[in-house]
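**Student:** For reference, the structure I am asking about is given below.
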Amino acid sequence: MTSMTGYAYEEKSTEEATVSVEIKSVNSRFLDLAINLPPYLNPLESYFRAKITEKVLRGKVDVYIRVRENESDSEVIPDTNAAVAYMNAIKKIAEATGFADDVSLGLIISQPGVLNVNRKYDVEKYKAMIEPVFDAALTRFMDDRMREGENMKADLQKKLEKLSECAKIFTEWQPKMEQYFKEQITTKFRELLEDKADENRIMTETAAMLVKYTINEEIVRLNSHIAAMRDELAKNPAPGKRLDFICQEMNREINTIGSKNQFAEVGAMVITAKDSLENIREQSKNVE
């Protein structure tokens with residue numbers, strides 16, 4: 001089982017550059033992936049995105065890839081025509097406004113287009129520099145998510161066992177509830193009709209009452225859902241969405257048991273079961 005939250009950071013320095021990769025994620029219903037690269041490395045985004053989507057199914061994942069080069073091979077090309085044009089324009093403005101017409105070199109070269117940086121980026125070279133750092137960060141990131149996921153799995157299993165104990169209590173009280181209904185109906189008939197009470201009528205009314213208030217079907221379905229959740233936890237590496245669906249079905253059965261209940265002991269178990277189920281539901285939202 002894998003958690004949707006995780007963090008990893010890797011950095012490596014060589015004679016050419018220092019490369020760092022940071023990956024972090026939080027909960028999300030679907031996969032929401034953002035990869036932040038230097039603009040000149042945008043052609044590599046799809047490559048690193050595929051590496052993430054191959055391993056991550058859900059979560060809001062942010063990836064930051066940074067490259068700090070030790071030496072620059074940039075070529076700076078001056079545009080003298082643009083510089084002269086700026087100088088003449090500034091002089092005209094000075095004459096028109098009455099300001100001094102002294103034009104500093106710093107003012108000229110600070111204008112856009114006067115100095116142009118020409119640089120060719122070898123994308124494959126940068127890919128070779130980044131990939132080992134990225135792979136190490138991704139491995140650490142997945143290990144972090146897996147570690148937290150295993151802790152969540154243990155917690156879910158513990159809460160599921162508590163829910164299973166509640167189901168056992170419901171099973172134990174089911175015949176007591178049925179016996180209670182039988183006694184209630186028989187007593188009412190005896191009080192109203194005394195010796196004239198029709199046993200067949202009593203049995204018919206009892207049967208109708210049991211059909212309406214028995215919790216046998218709900219217990220069977222609840223145990224089936226508990227078994228299904230155990231199976232998901234044991235076999236499914238990404239059970240998050242499935243667990244949420246099973247929780248909805250469990251909640252329906254527990255609510256029905258609560259609405260049919262006539263005993264304080266069963267009512268207490270309904271509250272315990274709902275509390276355990278809510279904890280399971282909340283925890284399942286953190287799981288892939």
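Identifiers for the structure tokens are assigned positionally: chains receive A, B, ... in sequence, residues are indexed from 1 per chain, and ligands are indexed from 1 in the order shown.
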When DSSP is applied to the backbone of this structure, which of region 20-183 of chain A are assigned alpha helix (DSSP H)? Write them out as a ChimeraX atom specification.

**Tutor:** /A:45-53,80-97,105-109,123-183

**Student:** For region 228-230 of chain A, please output as a ChimeraX atom specification all residues within 9 Å (counting only C-alpha atoms; exclusion window: fewer than 3 positions along the same chain).

**Tutor:** /A:157,160,223-225,233-235,239,242-243,246-247

**Student:** Within 9 Å of Val123 (chain A), counting only C-alpha atoms, which residues qualify if same-chain residues fewer than 5 places away don't, as a ChimeraX atom specification?

**Tutor:** /A:40-41,43-44,128

**Student:** Any chance you could export the current selection's N, CA, C and O atoms as a PDB file, in the first residue's frame?

**Tutor:**
ATOM      1  N   TYR A  40      14.723  26.639 -20.742  1.00  0.00           N
ATOM      2  CA  TYR A  40      15.453  26.056 -21.867  1.00  0.00           C
ATOM      3  C   TYR A  40      15.424  24.526 -21.860  1.00  0.00           C
ATOM      4  O   TYR A  40      15.844  23.885 -22.821  1.00  0.00           O
ATOM      5  N   LEU A  41      14.912  23.935 -20.766  1.00  0.00           N
ATOM      6  CA  LEU A  41      14.817  22.473 -20.689  1.00  0.00           C
ATOM      7  C   LEU A  41      13.382  21.970 -20.816  1.00  0.00           C
ATOM      8  O   LEU A  41      13.112  20.799 -20.551  1.00  0.00           O
ATOM      9  N   PRO A  43      11.738  20.986 -23.325  1.00  0.00           N
ATOM     10  CA  PRO A  43      11.580  19.778 -24.147  1.00  0.00           C
ATOM     11  C   PRO A  43      11.705  18.470 -23.362  1.00  0.00           C
ATOM     12  O   PRO A  43      11.256  17.428 -23.825  1.00  0.00           O
ATOM     13  N   LEU A  44      12.295  18.538 -22.154  1.00  0.00           N
ATOM     14  CA  LEU A  44      12.466  17.320 -21.350  1.00  0.00           C
ATOM     15  C   LEU A  44      11.272  17.036 -20.434  1.00  0.00           C
ATOM     16  O   LEU A  44      11.236  15.993 -19.782  1.00  0.00           O
ATOM     17  N   ALA A 128      21.285  13.846 -19.621  1.00  0.00           N
ATOM     18  CA  ALA A 128      22.241  12.909 -19.018  1.00  0.00           C
ATOM     19  C   ALA A 128      22.688  13.387 -17.644  1.00  0.00           C
ATOM     20  O   ALA A 128      22.967  12.572 -16.752  1.00  0.00           O
TER      21      ALA A 128
END

**Student:** Here is a test: counting only C-alpha atoms, which residue of A:Lys51, A:Arg58, A:Arg29, A:Arg66 is nearest to Glu11 (chain A)?

**Tutor:**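 So, comparing all the options, the nearest one is A:Arg66.
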
**Student:** How far is it from CA of Arg68 (chain A) to CA of Ala17 (chain A), in Å with one decimal?

**Tutor:** 5.5 Å

**Student:** Quick one: everything within 10 Å of Ala268 (chain A), counting only C-alpha atoms, minus sequence neighbours fewer than 5 positions away in the same chain. Send it as a VMD selection string.

**Tutor:** chain A and resid 166 258 263 273

**Student:** Restrict the selected residues to C-alpha atoms and save them as an mmCIF file, in the first residue's frame.

**Tutor:**
data_model
loop_
_atom_site.group_PDB
_atom_site.id
_atom_site.type_symbol
_atom_site.label_atom_id
_atom_site.label_comp_id
_atom_site.auth_asym_id
_atom_site.auth_seq_id
_atom_site.Cartn_x
_atom_site.Cartn_y
_atom_site.Cartn_z
ATOM 1 C CA CYS A 166 -18.856 -4.924 16.387
ATOM 2 C CA GLY A 258 -29.106 1.267 14.186
ATOM 3 C CA PHE A 263 -31.299 -2.451 22.853
ATOM 4 C CA ALA A 273 -18.836 0.771 14.489
#
